[in-house]
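Novice: Structure in structure tokens, see below.
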Amino acid sequence: MAKKSLISITDLTKDEIIRITELAAYFEEHPYEPLLNGRVIASLFFEPSTRTRLSFESAINRLGARVIGFSDTTNTSVSKGETFHDTIQVISNYCDMIVMRHSLEGAPRYASEFSKVPIVNAGDGANQHPSQTLLDLYSIKKTQGTLDGINIMMIGDLKYGRTVHSLLQALSHFNTKFTFVAPPELRMPEEYKQFLRDKGLEYTETTEIGDAINEADIVYMTRVQRERFTDPMEYERVKNVYVLKNSMLEATKDNMRILHPLPRVGEIAYDVDQNPKAYYFNQTENGVYTRMAIISYLLGVKK
Amino acid sequence: MTHDNKVQEVRAIENGTVIDHIPSDQLFKIIRIMQLDRAPQRITFGMNLESKRMGSKAIIKIADRYCQDKEINRIALFAPMAMVNTIKDFEVIEKRKVTVPERIEGFVRCANPKCITNNEPVRTAFDVLNNDGKISLRCRYCEKVTPQSQMELIK
């Protein structure tokens with residue numbers, strides 16, 4: 001069996017990203033395909049995350065493999081003080097793949113250096129969450145028919161939001177046009193803008209959603225969190241500026257779709273949910289197919 | 001060349017290595033990186049010396065020891081302008097510029113407190129980013145960038 005881990009979106013080439021979105025489409029057509037009959041996949045959530053864990057476990061089950069693992073570390077050897085290294089070393093003897101989430105950044109990369117089986121990063125702190133990025137890409141491709149030349153507007157916390165950074169890196173393969181909408185405190189970091197300039201890609205920056213939304217193919221919303229602000233007055237001032245309301249969508253393109261990594265806390269008004277351009281719940285369904293695609297691709301049962 | 005007045009502020013050595021053009025405020029870091037504080041050789045150094053190019057500089061002279069490129073290049077993180085002179089019979093027989101390595105392992109800490117390397121017994125590893133002489137390190141694990149101002153040696 002091939003051994004390939006997925007730790008960071010930058011581990012994948014453009015062709016691999018395209019291939020995984022194609023496989024996701026395949027699994028959407030074939031949502032129960034026991035390609036991994038008899039296999040065992042460990043789901044190790046050193047940090048709890050119900051949504052991501054259930055999505056991965058659903059994908060594993062649909063592929064016919066079985067899940068072992070834990071959803072928090074309370075009753076494990078980790079709570080007895082075992083090192084992360086030893087835990088992974090042992091569990092990699094029990095399974096064909098490890099899906100893991102950890103609050104420490106870099107833990108999955110480290111695990112991939114000595115694990116006998118592939119590691120899939122299901123989120124490491126504020127660092128990477130590649131399956132989220134791939135499901136975002138699949139959602140874009142599915143709704144727009146292509147990944148090439150998309151005009152995307154990213155709104156909210158662009159400084160700390162790992163999903164927007166990974167998505168930006170992945171989309172940089174596809175001649176994307178970016179619009180960044182964020183309060184000054186939460187602007188897109190310079191290193192990512194430099195990255196786009198180096199690649200010759202266009203972006204604009206603004207502090208308000210404004211009319212630019214009418215040009216967008218994809219609106220990618222993120223949450224502006226109170227704890228990110230040193231000045232609470234500033235938070236009160238900006239929190240309503242980055243709320244998407246149904247009335248703002250009137251002149252938007254027909255093909256425009258709204259994505260959000262969820263959970264949302266008020267940044268998309270509930271009246272948007274009924275609008276056919278709201279796509280964030282469909283996005284979660286795409287997550288299951290994307291994770292089926294990732295697992296079967298990494299294990300080499302689908303090439 | 002070997003007997004100009006500035007160099008003589010720190011006594012000349014007969015054989016060994018002279019590391020010149022070190023920023024004064026980085027001198028003790030360099031001493032620790034090269035583990036000169038534990039070396040058996042005779043070491044002399046000066047800091048806050050006048051320098052036309054740098055304003056203020058430091059210099060280290062290590063008697064009877066010749067340094068390999070690998071050892072020398074580690075100091076490039078903190079002293080990218082440093083020159084390494086090999087001395088034989090009071091004469092400079094070779095001058096080398098340090099070169100910033102592409103990768104480094106161990107000896108520098110990742111500045112991200114949530115990085116695995118700061119919480120579990122993991123050896124640090126970085127890709128070195130060189131932005132017009134501004135050196136920073138990208139952690140191979142957490143992918144965060146440690147700027148030079150935050151680089152700390154592992155004790």
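Identifiers for the structure tokens are assigned positionally: chains receive A, B, ... in sequence, residues are indexed from 1 per chain, and ligands are indexed from 1 in the order shown.
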Got a sec to tell me which of region 57-140 of chain B DSSP assigns to strand (DSSP E or B), as a PyMOL selection string?
Specialist: chain B and resi 57-63+83-88+91-97+103-105+108-109+115+125-131+134-139
Novice: Go ahead and write the residues just picked, N, CA and C atoms, as an mmCIF file, in the first residue's frame.
Specialist:
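Result saved to result24.cif:
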data_model
loop_
_atom_site.group_PDB
_atom_site.id
_atom_site.type_symbol
_atom_site.label_atom_id
_atom_site.label_comp_id
_atom_site.auth_asym_id
_atom_site.auth_seq_id
_atom_site.Cartn_x
_atom_site.Cartn_y
_atom_site.Cartn_z
ATOM 1 N N LYS B 57 31.699 47.078 15.673
ATOM 2 C CA LYS B 57 31.790 45.657 15.345
ATOM 3 C C LYS B 57 32.482 44.905 16.467
ATOM 4 N N ALA B 58 32.404 43.593 16.349
ATOM 5 C CA ALA B 58 33.135 42.747 17.293
ATOM 6 C C ALA B 58 34.023 41.806 16.491
ATOM 7 N N ILE B 59 35.032 41.264 17.157
ATOM 8 C CA ILE B 59 35.973 40.359 16.500
ATOM 9 C C ILE B 59 36.330 39.241 17.478
ATOM 10 N N ILE B 60 36.521 38.048 16.945
ATOM 11 C CA ILE B 60 36.916 36.909 17.797
ATOM 12 C C ILE B 60 38.150 36.271 17.185
ATOM 13 N N LYS B 61 39.120 35.947 18.036
ATOM 14 C CA LYS B 61 40.320 35.249 17.547
ATOM 15 C C LYS B 61 40.478 33.944 18.309
ATOM 16 N N ILE B 62 40.577 32.878 17.554
ATOM 17 C CA ILE B 62 40.657 31.546 18.152
ATOM 18 C C ILE B 62 42.008 30.966 17.761
ATOM 19 N N ALA B 63 42.854 30.740 18.752
ATOM 20 C CA ALA B 63 44.200 30.251 18.457
ATOM 21 C C ALA B 63 44.186 28.749 18.182
ATOM 22 N N MET B 83 33.313 37.885 8.272
ATOM 23 C CA MET B 83 34.402 37.357 7.451
ATOM 24 C C MET B 83 35.219 36.427 8.331
ATOM 25 N N VAL B 84 35.590 35.302 7.747
ATOM 26 C CA VAL B 84 36.374 34.332 8.504
ATOM 27 C C VAL B 84 37.764 34.251 7.881
ATOM 28 N N ASN B 85 38.766 34.608 8.666
ATOM 29 C CA ASN B 85 40.145 34.608 8.172
ATOM 30 C C ASN B 85 40.917 33.453 8.800
ATOM 31 N N THR B 86 41.600 32.720 7.958
ATOM 32 C CA THR B 86 42.452 31.651 8.475
ATOM 33 C C THR B 86 43.883 32.198 8.563
ATOM 34 N N ILE B 87 44.497 32.020 9.713
ATOM 35 C CA ILE B 87 45.816 32.612 9.973
ATOM 36 C C ILE B 87 46.879 31.522 10.109
ATOM 37 N N LYS B 88 47.982 31.703 9.395
ATOM 38 C CA LYS B 88 49.156 30.827 9.585
ATOM 39 C C LYS B 88 50.385 31.722 9.667
ATOM 40 N N GLU B 91 49.989 35.348 9.189
ATOM 41 C CA GLU B 91 49.531 35.834 7.886
ATOM 42 C C GLU B 91 48.133 35.284 7.597
ATOM 43 N N VAL B 92 47.312 36.118 6.947
ATOM 44 C CA VAL B 92 46.007 35.623 6.499
ATOM 45 C C VAL B 92 46.231 34.780 5.254
ATOM 46 N N ILE B 93 45.937 33.497 5.333
ATOM 47 C CA ILE B 93 46.136 32.669 4.143
ATOM 48 C C ILE B 93 44.813 32.403 3.417
ATOM 49 N N GLU B 94 43.702 32.682 4.077
ATOM 50 C CA GLU B 94 42.410 32.493 3.406
ATOM 51 C C GLU B 94 41.372 33.404 4.050
ATOM 52 N N LYS B 95 40.526 33.986 3.200
ATOM 53 C CA LYS B 95 39.414 34.814 3.698
ATOM 54 C C LYS B 95 38.131 34.202 3.170
ATOM 55 N N ARG B 96 37.198 33.954 4.062
ATOM 56 C CA ARG B 96 35.923 33.381 3.622
ATOM 57 C C ARG B 96 34.778 34.248 4.112
ATOM 58 N N LYS B 97 33.772 34.435 3.245
ATOM 59 C CA LYS B 97 32.533 35.086 3.704
ATOM 60 C C LYS B 97 31.621 33.978 4.225
ATOM 61 N N ARG B 103 18.991 25.463 5.282
ATOM 62 C CA ARG B 103 18.246 24.776 6.339
ATOM 63 C C ARG B 103 19.091 24.720 7.582
ATOM 64 N N ILE B 104 18.462 24.786 8.727
ATOM 65 C CA ILE B 104 19.222 24.535 9.950
ATOM 66 C C ILE B 104 18.416 23.614 10.863
ATOM 67 N N GLU B 105 19.129 22.849 11.647
ATOM 68 C CA GLU B 105 18.469 21.937 12.586
ATOM 69 C C GLU B 105 19.069 22.117 13.965
ATOM 70 N N VAL B 108 18.428 26.520 17.469
ATOM 71 C CA VAL B 108 17.569 27.706 17.583
ATOM 72 C C VAL B 108 16.151 27.240 17.929
ATOM 73 N N ARG B 109 15.491 28.019 18.793
ATOM 74 C CA ARG B 109 14.149 27.694 19.235
ATOM 75 C C ARG B 109 13.126 28.318 18.284
ATOM 76 N N CYS B 115 4.091 25.640 19.186
ATOM 77 C CA CYS B 115 4.740 24.687 18.278
ATOM 78 C C CYS B 115 5.077 23.395 19.019
ATOM 79 N N ALA B 125 13.707 22.280 13.390
ATOM 80 C CA ALA B 125 14.198 22.283 12.008
ATOM 81 C C ALA B 125 13.545 23.441 11.274
ATOM 82 N N PHE B 126 14.350 24.184 10.529
ATOM 83 C CA PHE B 126 13.851 25.382 9.858
ATOM 84 C C PHE B 126 14.360 25.475 8.426
ATOM 85 N N ASP B 127 13.558 26.088 7.580
ATOM 86 C CA ASP B 127 14.042 26.588 6.295
ATOM 87 C C ASP B 127 14.435 28.041 6.529
ATOM 88 N N VAL B 128 15.589 28.425 6.023
ATOM 89 C CA VAL B 128 16.073 29.792 6.236
ATOM 90 C C VAL B 128 15.558 30.688 5.111
ATOM 91 N N LEU B 129 14.892 31.782 5.486
ATOM 92 C CA LEU B 129 14.394 32.733 4.495
ATOM 93 C C LEU B 129 15.326 33.938 4.502
ATOM 94 N N ASN B 130 15.762 34.329 3.319
ATOM 95 C CA ASN B 130 16.699 35.441 3.219
ATOM 96 C C ASN B 130 16.085 36.501 2.314
ATOM 97 N N ASN B 131 15.485 37.505 2.959
ATOM 98 C CA ASN B 131 14.801 38.552 2.208
ATOM 99 C C ASN B 131 15.702 39.780 2.166
ATOM 100 N N LYS B 134 17.678 40.193 5.203
ATOM 101 C CA LYS B 134 16.907 40.039 6.439
ATOM 102 C C LYS B 134 16.613 38.555 6.626
ATOM 103 N N ILE B 135 17.238 38.002 7.662
ATOM 104 C CA ILE B 135 17.138 36.557 7.848
ATOM 105 C C ILE B 135 15.967 36.217 8.766
ATOM 106 N N SER B 136 15.188 35.230 8.363
ATOM 107 C CA SER B 136 14.177 34.690 9.274
ATOM 108 C C SER B 136 14.089 33.185 9.027
ATOM 109 N N LEU B 137 13.424 32.494 9.933
ATOM 110 C CA LEU B 137 13.376 31.040 9.882
ATOM 111 C C LEU B 137 11.941 30.555 9.817
ATOM 112 N N ARG B 138 11.646 29.662 8.857
ATOM 113 C CA ARG B 138 10.316 29.069 8.834
ATOM 114 C C ARG B 138 10.392 27.654 9.410
ATOM 115 N N CYS B 139 9.609 27.461 10.457
ATOM 116 C CA CYS B 139 9.626 26.170 11.150
ATOM 117 C C CYS B 139 9.075 25.083 10.230
#
Novice: Let's see if you can do this: from backbone DSSP, list all alpha helix (DSSP H) residues in region 19-96 of chain B, as a ChimeraX atom specification.
Specialist: /B:27-33,69-74
Novice: Just to confirm, what's the straight-line distance from CA of Gly156 (chain A) to CA of Val238 (chain A) in Å (one decimal)?
Specialist: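 One can read the CA of Gly156 (chain A) to CA of Val238 (chain A) distance as 9.9 Å.
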Novice: Excluding region 42-50 of chain B and its own-chain neighbours fewer than 3 positions away, which residues fall within 10 Å of it when counting only C-alpha atoms? Please give them as a PyMOL selection string.
Specialist: chain B and resi 6-7+9-13+16-28+31+36-37+39+53-65
Novice: Keeping C-alpha atoms, export the residues of the selection given above as an mmCIF file, in the first residue's frame.
Specialist:
data_model
loop_
_atom_site.group_PDB
_atom_site.id
_atom_site.type_symbol
_atom_site.label_atom_id
_atom_site.label_comp_id
_atom_site.auth_asym_id
_atom_site.auth_seq_id
_atom_site.Cartn_x
_atom_site.Cartn_y
_atom_site.Cartn_z
ATOM 1 C CA LYS B 6 42.218 47.985 14.074
ATOM 2 C CA VAL B 7 43.023 44.303 14.166
ATOM 3 C CA GLU B 9 43.120 46.241 19.213
ATOM 4 C CA VAL B 10 42.830 42.520 19.880
ATOM 5 C CA ARG B 11 46.188 40.802 20.047
ATOM 6 C CA ALA B 12 47.288 38.995 16.896
ATOM 7 C CA ILE B 13 47.449 35.210 16.819
ATOM 8 C CA GLY B 16 44.104 29.904 13.987
ATOM 9 C CA THR B 17 40.922 31.648 12.955
ATOM 10 C CA VAL B 18 39.791 35.253 13.127
ATOM 11 C CA ILE B 19 36.096 36.047 12.772
ATOM 12 C CA ASP B 20 35.658 39.681 11.854
ATOM 13 C CA HIS B 21 32.704 41.984 11.189
ATOM 14 C CA ILE B 22 30.390 40.561 13.818
ATOM 15 C CA PRO B 23 27.681 42.988 14.993
ATOM 16 C CA SER B 24 28.710 43.951 18.550
ATOM 17 C CA ASP B 25 25.368 43.013 20.054
ATOM 18 C CA GLN B 26 25.585 39.499 18.605
ATOM 19 C CA LEU B 27 29.044 38.658 19.946
ATOM 20 C CA PHE B 28 27.992 36.527 22.896
ATOM 21 C CA ILE B 31 30.416 32.623 21.200
ATOM 22 C CA LEU B 36 33.760 28.854 22.446
ATOM 23 C CA ASP B 37 32.835 29.197 26.114
ATOM 24 C CA ALA B 39 36.697 25.430 24.028
ATOM 25 C CA ARG B 53 31.306 49.613 7.317
ATOM 26 C CA MET B 54 29.261 48.739 10.410
ATOM 27 C CA GLY B 55 29.845 51.616 12.845
ATOM 28 C CA SER B 56 30.556 49.200 15.654
ATOM 29 C CA LYS B 57 31.790 45.657 15.345
ATOM 30 C CA ALA B 58 33.135 42.747 17.293
ATOM 31 C CA ILE B 59 35.973 40.359 16.500
ATOM 32 C CA ILE B 60 36.916 36.909 17.797
ATOM 33 C CA LYS B 61 40.320 35.249 17.547
ATOM 34 C CA ILE B 62 40.657 31.546 18.152
ATOM 35 C CA ALA B 63 44.200 30.251 18.457
ATOM 36 C CA ASP B 64 45.198 26.908 16.926
ATOM 37 C CA ARG B 65 41.771 26.031 15.598
#
Novice: For chain B against chain A, which residues fall within 6 Å using only C-alpha atoms, given as a list in words?
Specialist: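 Selected residues: Lys114, Cys115, Ile116, Tyr141 and Cys142 of chain B.
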Novice: Store the residues picked out above, limited to C-alpha atoms, as a PDB file, in the first residue's frame.
Specialist:
ATOM      1  CA  LYS B 114       2.246  26.450  20.531  1.00  0.00           C
ATOM      2  CA  CYS B 115       4.740  24.687  18.278  1.00  0.00           C
ATOM      3  CA  ILE B 116       5.249  20.959  18.919  1.00  0.00           C
ATOM      4  CA  TYR B 141       6.691  21.750  11.838  1.00  0.00           C
ATOM      5  CA  CYS B 142       4.341  24.613  12.703  1.00  0.00           C
TER       6      CYS B 142
END
Novice: Of the residues A:Ala24, A:Val120, A:Ile9, A:Ala59, which is the one nearest to Leu44 (chain A), using only C-alpha atoms?
Specialist: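 Among the listed residues, the smallest separation from Leu44 (chain A) belongs to A:Val120.
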Novice: Just to confirm, what's the straight-line distance from CA of Glu236 (chain A) to CA of Thr207 (chain A) in Å (one decimal)?
Specialist: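 CA of Glu236 (chain A) sits 15.2 Å away from CA of Thr207 (chain A).
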Novice: Record the distance separating CA of Asp15 (chain A) and CA of Asp136 (chain A), expressed in Å with one decimal.
Specialist: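 According to the coordinates, CA of Asp15 (chain A) and CA of Asp136 (chain A) are separated by 16.5 Å.
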Novice: Can you tell me, as a ChimeraX atom specification, what residues are no more than 12 Å from Leu168 (chain A) when counting only C-alpha atoms, ignoring any on the same chain fewer than 2 positions away?
Specialist: /A:9-10,130,133-134,136-137,150-154,158,161-166,170-180,188-189,191-196,199,201-203,220
Novice: Skip Val243 (chain A) itself and residues of its chain fewer than 5 positions away, then list as a ChimeraX atom specification all residues within 9 Å of it, counting only C-alpha atoms.
Specialist: /A:156,221,266-269
Novice: Keeping only N, CA and C atoms, take the residues you just selected and write them out as a PDB file, in the first residue's frame.
Specialist:
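Everything below was put into result.pdb:
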ATOM      1  N   GLY A 156     -13.812  39.199   6.691  1.00  0.00           N
ATOM      2  CA  GLY A 156     -13.773  38.947   8.133  1.00  0.00           C
ATOM      3  C   GLY A 156     -12.374  38.958   8.697  1.00  0.00           C
ATOM      4  N   MET A 221     -16.961  33.821   3.800  1.00  0.00           N
ATOM      5  CA  MET A 221     -17.141  34.526   5.076  1.00  0.00           C
ATOM      6  C   MET A 221     -16.338  33.838   6.179  1.00  0.00           C
ATOM      7  N   GLY A 266     -23.391  34.781  13.902  1.00  0.00           N
ATOM      8  CA  GLY A 266     -23.952  36.094  13.629  1.00  0.00           C
ATOM      9  C   GLY A 266     -23.398  36.808  12.407  1.00  0.00           C
ATOM     10  N   GLU A 267     -22.292  36.312  11.785  1.00  0.00           N
ATOM     11  CA  GLU A 267     -21.726  37.072  10.667  1.00  0.00           C
ATOM     12  C   GLU A 267     -22.472  36.842   9.358  1.00  0.00           C
ATOM     13  N   ILE A 268     -23.365  35.852   9.344  1.00  0.00           N
ATOM     14  CA  ILE A 268     -24.294  35.737   8.211  1.00  0.00           C
ATOM     15  C   ILE A 268     -25.698  35.778   8.815  1.00  0.00           C
ATOM     16  N   ALA A 269     -26.470  36.786   8.435  1.00  0.00           N
ATOM     17  CA  ALA A 269     -27.820  36.915   8.993  1.00  0.00           C
ATOM     18  C   ALA A 269     -28.648  35.696   8.584  1.00  0.00           C
TER      19      ALA A 269
END
Novice: Do a neighbour search on region 277-285 of chain A at 8 Å with only C-alpha atoms, toss out local chain neighbours closer than 2 positions, and write the hits as a list in words.
Specialist: Leu135, Asp136, Ser139, Asp254, Asn255, Met256, Arg257, Ile258, Leu259, His260, Pro261, Leu262, Val272, Asp273, Gln274, Asn275, Gly287, Val288 and Tyr289 of chain A
Novice: Could you list, as a PyMOL selection string, every residue within 7 Å of Pro80 (chain B), counting only C-alpha atoms and ignoring same-chain residues fewer than 2 positions away?
Specialist: chain B and resi 76-78+82+98+100
Novice: Please write the residues from the selection above to a file, keeping N, CA and C atoms, as a compact mmCIF listing (two decimals), in the first residue's frame.
Specialist:
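result33.txt, written as the output of this step:
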# COMPACT_ATOMS: atom_id res chain seq x y z
N ALA B 76 26.01 32.67 10.46
CA ALA B 76 25.48 33.59 9.47
C ALA B 76 24.09 34.10 9.82
N LEU B 77 23.34 33.33 10.63
CA LEU B 77 22.01 33.77 11.03
C LEU B 77 22.09 35.08 11.81
N PHE B 78 23.16 35.24 12.58
CA PHE B 78 23.27 36.41 13.47
C PHE B 78 24.30 37.41 12.96
N ALA B 82 29.75 38.55 8.42
CA ALA B 82 31.02 38.14 9.04
C ALA B 82 32.01 37.61 8.01
N VAL B 98 30.88 34.28 5.26
CA VAL B 98 29.92 33.26 5.69
C VAL B 98 28.79 33.21 4.68
N VAL B 100 24.70 32.07 4.25
CA VAL B 100 23.52 31.72 5.02
C VAL B 100 23.05 30.35 4.55
